[in-house]
Amino acid sequence: MTAANMLLDAAAEAGYYALFGRSSGPQIRGGEAAAIVRLSPEPVTSVDDTTEILLAIDWQNVQRFAAELPLDKNSVIITDPTQGEVPEVMAKSGARIVELPMKDLAKEIPGGRPNMVALGAVAALIGLPVDVVCEVLGQSLKKKRADAYEASVAAVKKGAEAAAGMGATKRLGKLAGEPAKRWSITGNEAAALGAVRGGVRFCAAYPITPATEILEYLSSALPKVGGVFVQAEDELASINMCVGGSFGGAASITATAGPGLSLMIEALGMATASETPVVVVDVQRGGPSTGIPTKSEQSDLNIALYGLHGDAPHLVVAPHSIGDCLMTTQWAVHLAETMQAPCIVLSDQSLGQSRTIMPVPADVAFVGKRLTVTEAPAEGVQYKRYANTASGISPMAIPGTPGCQYTADGLEHTETGTPSSQANDHSSQQDKRLRKLTDHEYGDHWATIEGEGDIAVMCWGSCTGAAREAITRAAADGVKARLISPRLLYPTRPEAMAKALAGVRKVLVVELSHLGQFHRYLKGEYDLPAEIQQIKRGGPLPIRPNEIHSRLLSMGK
Amino acid sequence: MSGTNCALTYTAKDYKSDTKPVWCPGCGDYSVLSSITKAFADLNLEPHKTSVVSGIGCSSRIPAYTTTYGFHSIHGRALAVGAGLKLARPDMTVLVAGGDGDGFSIGGNHFLHACRRNVDMTYVVMDNRVYGMTKGQPSPTTEPDWDASAMAPPGGTGMTPFNPLAIALAAGANFVARCFSGDPNGTAAVIAEAIKHPGFSFVAVMSPCITFREEQREWKNVVRPSPVESTTDAAQAAKRLMTDDGFNMGILYRGHRTPYSPKGAGQASLADLEAEFAL
C-alpha cells in the first residue's frame, strides 16, 4: 500500500491523472492487500479490463484478490523467486513472468525494504522518472526520517536498475504540454467537501464501513467552519439528530452504508412529512445484511427509492465518478434545502474508498438556500408552516423567529401544522409534497447524456466510467452508442428521458446488482424501447469496459 | 440559559395553545402540561426561543399544546431530535417530553447516551407505567405482576421494572428528580430548576393513567416530599434510590459535569479546506 501510494504521488508529481483503488480482506489492520493503480495522461474514471503489470511482494492469500486482478497474455507478472512459485490461478493466464529478487536486493541496503525495490522497478518499467519518485520520497520522509529516506532512495534505484533487464512493458503515454492543475482526493473526501461547499454545518453520524472517511473528514472540517460534528450512539440517533439540527436551521448531513440506511428509513419518512431537509450519503457495499462491508455493489437502489413507508416523495441522486461525489453531494444539499425534503446520495465503496488524481473541479454555485420567513404574520393571523403554495414549497420559520412558532409533525397536518386525519388535509399536503419535487427545474445536471447512435447504454453511479470507455472503444469499431446515466434518480424526469432516448432502438442496461434493480426501476418509471439487454451481477467485481464493449459490438451487428 | 432578559412578562397561559388535547379526562398529563408552561413563565422564557420536542405516545402530543417551537417526531427518538436542535442552536432552550414506553423501551438506548452526552437540555418523562395510546399494554416501568392487559400473560410479565432514576444516575445525568402530576406547583418548580441546571436534566413525573391503570388513583395518597435535600454526591443519591420505595418526591441529585458543546468557533474559508487536496 505504501509503495502504491508513493507511485501515485510520483505520477501526480509528474503531471499524470490516476485512479487508485484498494482491496483488502477482513483484517482490522495490516494483512494482505492489493493496491490497484491506473495512470494516464488523460483523466480516468474507470478501471481497465486487465492488469498490465502485477507486482507481488509475496503470494500470501492471493486467492482473495485473484478475481479482482484480471490478467491475460499481455500482462506481466513480477515475482520474487524467494517467495515461491507464481500460483496457478495467476500463471494460467499466460502472462509473462519476470523474476525480481526484491527481498535479496533490499537486504543489500541497510534498512532497505522490498516494497521500495518494487516501486523503483515499476516506475522504471512504465517510464516514470526515478528522480520524481525520489523527490516524492523526500517530501514524505526526508524531514522526519533521514535514514529511512536514504535507504528508500537506494532501494528504488536498485529496483530501477533491475528493471532494465526485464523486457518491454506498456509505458505511460506522453503528457501534452505542462501538467494541468489537479486535485488528489477520494470519493468519500469529495462527498464530504461537497457537503461543506453546499452549506452543511451539522453532521451526526455513526461509524460504518465504507462510509467512515466521510465522517472523519467532517469531524475535523466542520468545527473549522463553525459547524458541529457529533458521533451518535447509533444510526437512529444520527438521522434524528440531523433532523433536529436541520429544524434548528443548520443544513445537515449524515453518511452511512446499507445497514445504517435501513435504520434511518423511518426518520426519512418523518423528514418527508415534516418537510425537514436532510442529506444522507449511502456508500453502498455488498448486501444484504452485513454482506461484504469492504467491497462495492449497487444494490441499495430499491431501499433508497422505495424503502419508505407510506407515499413519501423524496430526492435520490447518485454521483458518476470519484470526483463527481463532490458535485453531486453539493447538489444534494442544494436540492434538499431548496425543496425542504430529504435527499439520499447513493455512492458506493468503489467510488468512496478510491483515490483519483483529477482536474480541479468546477466551482458550481449550488449552495443550500432555504425559503424562510423572518417576520411574524399580522396580529391575529397564524403562521402557516405548511402553506399550500403554488410551488409546494412553504416558507419555513427557523426557531428563534418571533411570532412564527409552530410544531413540526410527522402526523399528517393542516397548513398550520395542527394534526389532522381528514382526507382533504391529507390529499392537499400529499399533492404539495410531491409537486415541490416534480415541478423543480433540475437543469442538465439530472443526467449525463453523451454521444449519439441508436443504441443507448443506460447505467448509473460507478458504472458510468466503464460505460463511457466502452462507448469510446465501440465508436472506434464503427458502432455508435450513447450514454444515459441519470444523476437524479428520484423524482423521475419522463420528458427529459424521452428526449434523451429519441431515436434509440436498443438499450443496454448496466448495473452491479444481482436482481437488476436499476433495470426494474427503468422499466417501471420510464418508457423504454422494446429491445433491452442487460449486464447485471452482484458485486464485488466491477463491470469492466470490455464487457460492455463486446456486448455493444454484438448489439451493433 | 437564554431568554430571561426579556422585557415582557409571560404567564403560563401564554405558553398554552388553542389545540385541545387528545388526553382522556383525568389524565395526569394535563397537570404536567400546566407545570411545564408554569415553569416557562416562572423563568420568563421567550416562546420563540424555546422548543418542546417529543416522540410518540399520549404524553408526546404535548408540543402542539404549547405556543413554543415544537417537534412531534417519531417513536423513541425525541432525545435525538432534541439534542440535534440544541447542538445546532445553543441559544434555544430545549425541553424534551414523552412517556415511559417512548423513553425507556423503544428509546432506551438514546436515554442512556443522552445522560452520558450531557447536552444542556431537560427531559420530562410522564410515567404512567402503561402504553396508553395503544390501549393498555405493559411498559418497561410496569409492575411485574400487572396483567390487566390483553397482551400481558396471566400473572403479569414477571419482568423487573426499569428504574429510570437509577439508570439516569448511573449513565451520568447531571440532574435527577422525581415529581407527581398531582402536585403541579411542586412539579413546575422542579422543572424550572431542571431547565436552569446546566447539562442534561432528567425529571421523572408520575402521571397517572386512570383509563388503563385505575389503581394509580391511589398514588396521591402514597407520594410524599423527600425527607432530605438534593445531593451532589452521586453515591449518596444512588444509595437513596436503591433504598426508597419510589414515592419520595423532589430533586435527588445535582451534578457538576460540564455540558457537551461541540460547536466549532472556526472561521476557515472553503478555499482553506480545498487547498488540502490541490497538487
# chains A, B, ... in the order shown; residues from 1 in each chain; ligands from 1
call {"tool": "select_by_dssp", "arguments": {"residues": "region 85-187 of chain B", "states": "strand (DSSP E or B)", "output": "ChimeraX atom specification"}}
result
/B:93-99,122-127,131,137,175-180
call {"tool": "interface_residues", "arguments": {"of": "chain B", "to": "chain A", "cutoff": "7 Å", "atoms": "only C-alpha atoms", "output": "MDAnalysis selection string"}}
result
chainID B and resid 48:49 63:64 67:74 77 80:85 88:89 113 262:270 277:279
call {"tool": "select_by_dssp", "arguments": {"residues": "region 15-262 of chain B", "states": "helix (DSSP H, G or I)", "output": "ChimeraX atom specification"}}
result
/B:15,29-43,47-49,59-65,78-88,100-106,108-117,164-171,184-196,214-222,234-243
call {"tool": "write_last_selection", "arguments": {"atoms": "C-alpha atoms", "output": "CSV table (one decimal), in the first residue's frame"}}
result
chain,number,residue,atom,x,y,z
B,15,TYR,CA,-47.5,29.1,26.5
B,29,ASP,CA,-50.6,14.8,31.6
B,30,TYR,CA,-53.0,17.9,31.8
B,31,SER,CA,-51.3,18.8,35.0
B,32,VAL,CA,-47.8,18.2,33.6
B,33,LEU,CA,-48.6,20.5,30.7
B,34,SER,CA,-49.6,23.1,33.2
B,35,SER,CA,-46.4,22.6,35.2
B,36,ILE,CA,-44.2,22.9,32.1
B,37,THR,CA,-46.0,26.1,31.0
B,38,LYS,CA,-45.8,27.5,34.6
B,39,ALA,CA,-42.0,26.7,34.7
B,40,PHE,CA,-41.6,28.5,31.4
B,41,ALA,CA,-43.5,31.5,32.8
B,42,ASP,CA,-41.5,31.5,36.0
B,43,LEU,CA,-38.3,31.6,34.0
B,47,PRO,CA,-41.7,31.4,23.4
B,48,HIS,CA,-39.8,31.8,20.1
B,49,LYS,CA,-36.5,31.0,21.9
B,59,SER,CA,-47.8,12.5,26.5
B,60,SER,CA,-45.7,13.1,23.3
B,61,ARG,CA,-48.7,15.0,21.9
B,62,ILE,CA,-47.6,17.9,24.2
B,63,PRO,CA,-45.7,20.2,21.7
B,64,ALA,CA,-48.8,21.0,19.8
B,65,TYR,CA,-50.4,22.1,23.1
B,78,ALA,CA,-37.3,12.6,20.8
B,79,LEU,CA,-34.0,12.9,22.7
B,80,ALA,CA,-32.0,12.6,19.4
B,81,VAL,CA,-34.1,15.3,17.7
B,82,GLY,CA,-33.9,17.5,20.8
B,83,ALA,CA,-30.1,17.0,21.1
B,84,GLY,CA,-29.7,17.9,17.4
B,85,LEU,CA,-31.7,21.1,17.8
B,86,LYS,CA,-29.7,22.1,20.9
B,87,LEU,CA,-26.3,21.4,19.4
B,88,ALA,CA,-27.1,23.3,16.3
B,100,ASP,CA,-42.2,5.7,29.7
B,101,GLY,CA,-42.7,3.5,26.6
B,102,ASP,CA,-41.2,6.1,24.3
B,103,GLY,CA,-38.3,7.0,26.5
B,104,PHE,CA,-37.3,3.7,28.2
B,105,SER,CA,-38.4,1.0,25.7
B,106,ILE,CA,-38.0,2.0,22.1
B,108,GLY,CA,-33.9,3.3,25.8
B,109,ASN,CA,-30.6,3.5,24.1
B,110,HIS,CA,-31.0,7.2,23.4
B,111,PHE,CA,-31.8,7.7,27.1
B,112,LEU,CA,-28.6,6.1,28.2
B,113,HIS,CA,-26.5,8.1,25.8
B,114,ALA,CA,-28.3,11.4,26.4
B,115,CYS,CA,-27.4,11.0,30.1
B,116,ARG,CA,-23.8,10.3,29.1
B,117,ARG,CA,-23.5,13.1,26.5
B,164,PRO,CA,-35.4,5.4,35.4
B,165,LEU,CA,-33.7,7.4,38.1
B,166,ALA,CA,-31.1,4.8,39.0
B,167,ILE,CA,-30.3,4.4,35.3
B,168,ALA,CA,-30.1,8.1,34.7
B,169,LEU,CA,-27.8,8.5,37.6
B,170,ALA,CA,-25.6,5.5,36.6
B,171,ALA,CA,-25.4,6.8,33.0
B,184,PRO,CA,-48.5,20.8,39.7
B,185,ASN,CA,-46.8,23.7,41.5
B,186,GLY,CA,-44.1,21.4,43.0
B,187,THR,CA,-43.6,19.8,39.6
B,188,ALA,CA,-43.3,23.3,38.0
B,189,ALA,CA,-40.7,24.3,40.5
B,190,VAL,CA,-38.6,21.2,39.9
B,191,ILE,CA,-38.9,21.6,36.1
B,192,ALA,CA,-37.8,25.2,36.3
B,193,GLU,CA,-34.8,24.1,38.4
B,194,ALA,CA,-34.0,21.4,35.8
B,195,ILE,CA,-34.1,23.9,33.0
B,196,LYS,CA,-31.8,26.2,34.9
B,214,GLU,CA,-57.3,2.9,37.6
B,215,GLU,CA,-55.4,1.8,40.7
B,216,GLN,CA,-53.0,4.7,40.1
B,217,ARG,CA,-55.6,7.0,41.6
B,218,GLU,CA,-54.1,5.8,44.9
B,219,TRP,CA,-50.7,7.5,44.1
B,220,LYS,CA,-51.9,10.7,45.5
B,221,ASN,CA,-52.3,9.0,48.9
B,222,VAL,CA,-48.8,7.5,49.0
B,234,ALA,CA,-23.8,10.5,43.2
B,235,ALA,CA,-23.0,7.6,45.5
B,236,GLN,CA,-25.3,9.0,48.2
B,237,ALA,CA,-28.0,9.6,45.6
B,238,ALA,CA,-27.7,6.0,44.4
B,239,LYS,CA,-28.0,4.7,47.9
B,240,ARG,CA,-31.2,6.7,48.5
B,241,LEU,CA,-32.6,5.4,45.3
B,242,MET,CA,-31.9,1.8,46.0
B,243,THR,CA,-33.5,2.0,49.4
call {"tool": "residues_around", "arguments": {"residues": "Val281 (chain A)", "least_positions_apart": "5", "cutoff": "7 Å", "atoms": "only C-alpha atoms", "output": "VMD selection string"}}
result
chain A and resid 254 to 256 344 to 347
call {"tool": "residues_around", "arguments": {"residues": "Pro25 (chain B)", "least_positions_apart": "2", "cutoff": "10 Å", "atoms": "only C-alpha atoms", "output": "PyMOL selection string"}}
result
chain B and resi 22-23+27-28+30+209-211
call {"tool": "write_last_selection", "arguments": {"atoms": "N, CA and C atoms", "output": "PDB file, in the first residue's frame"}}
result
ATOM      1  N   VAL B  22     -55.713  15.464  23.195  1.00  0.00           N
ATOM      2  CA  VAL B  22     -56.405  14.198  22.909  1.00  0.00           C
ATOM      3  C   VAL B  22     -56.555  13.349  24.174  1.00  0.00           C
ATOM      4  N   TRP B  23     -55.987  13.830  25.283  1.00  0.00           N
ATOM      5  CA  TRP B  23     -55.934  13.025  26.500  1.00  0.00           C
ATOM      6  C   TRP B  23     -57.324  12.737  27.093  1.00  0.00           C
ATOM      7  N   CYS B  27     -56.539  12.441  33.029  1.00  0.00           N
ATOM      8  CA  CYS B  27     -55.142  12.101  32.715  1.00  0.00           C
ATOM      9  C   CYS B  27     -54.198  13.045  33.464  1.00  0.00           C
ATOM     10  N   GLY B  28     -53.122  12.484  34.019  1.00  0.00           N
ATOM     11  CA  GLY B  28     -52.143  13.294  34.734  1.00  0.00           C
ATOM     12  C   GLY B  28     -51.409  14.277  33.832  1.00  0.00           C
ATOM     13  N   TYR B  30     -52.440  16.475  31.773  1.00  0.00           N
ATOM     14  CA  TYR B  30     -52.952  17.861  31.780  1.00  0.00           C
ATOM     15  C   TYR B  30     -52.180  18.697  32.799  1.00  0.00           C
ATOM     16  N   CYS B 209     -52.488   7.164  34.664  1.00  0.00           N
ATOM     17  CA  CYS B 209     -53.397   6.857  33.573  1.00  0.00           C
ATOM     18  C   CYS B 209     -54.586   6.157  34.204  1.00  0.00           C
ATOM     19  N   ILE B 210     -55.630   6.914  34.487  1.00  0.00           N
ATOM     20  CA  ILE B 210     -56.753   6.285  35.192  1.00  0.00           C
ATOM     21  C   ILE B 210     -57.661   5.502  34.253  1.00  0.00           C
ATOM     22  N   THR B 211     -57.401   5.614  32.957  1.00  0.00           N
ATOM     23  CA  THR B 211     -58.176   4.831  31.992  1.00  0.00           C
ATOM     24  C   THR B 211     -57.749   3.362  32.008  1.00  0.00           C
TER      25      THR B 211
END
call {"tool": "residues_around", "arguments": {"residues": "region 85-91 of chain A", "least_positions_apart": "2", "cutoff": "9 Å", "atoms": "only C-alpha atoms", "output": "VMD selection string"}}
result
chain A and resid 59 62 to 63 66 69 to 71 77 79 to 83 93 to 97
call {"tool": "write_last_selection", "arguments": {"atoms": "C-alpha atoms", "output": "PDB file, in the first residue's frame"}}
result
ATOM      1  CA  TRP A  59       1.804 -14.526  -2.648  1.00  0.00           C
ATOM      2  CA  VAL A  62      -3.532 -14.256  -3.206  1.00  0.00           C
ATOM      3  CA  GLN A  63      -6.730 -16.191  -3.869  1.00  0.00           C
ATOM      4  CA  ALA A  66      -7.177 -13.148  -7.862  1.00  0.00           C
ATOM      5  CA  LEU A  69      -6.760  -8.696 -10.750  1.00  0.00           C
ATOM      6  CA  PRO A  70      -7.640  -9.987 -14.216  1.00  0.00           C
ATOM      7  CA  LEU A  71      -4.611 -10.996 -16.307  1.00  0.00           C
ATOM      8  CA  ILE A  77       3.773 -10.743 -13.512  1.00  0.00           C
ATOM      9  CA  THR A  79       7.526 -12.141  -8.728  1.00  0.00           C
ATOM     10  CA  ASP A  80      10.178 -12.597  -6.085  1.00  0.00           C
ATOM     11  CA  PRO A  81      11.792 -16.048  -6.542  1.00  0.00           C
ATOM     12  CA  THR A  82      12.317 -16.326  -2.772  1.00  0.00           C
ATOM     13  CA  GLN A  83       8.517 -16.174  -2.280  1.00  0.00           C
ATOM     14  CA  SER A  93      -3.497 -16.505 -17.684  1.00  0.00           C
ATOM     15  CA  GLY A  94      -0.454 -16.949 -19.902  1.00  0.00           C
ATOM     16  CA  ALA A  95       1.069 -13.730 -18.601  1.00  0.00           C
ATOM     17  CA  ARG A  96       4.822 -13.247 -18.986  1.00  0.00           C
ATOM     18  CA  ILE A  97       6.575 -13.978 -15.711  1.00  0.00           C
TER      19      ILE A  97
END
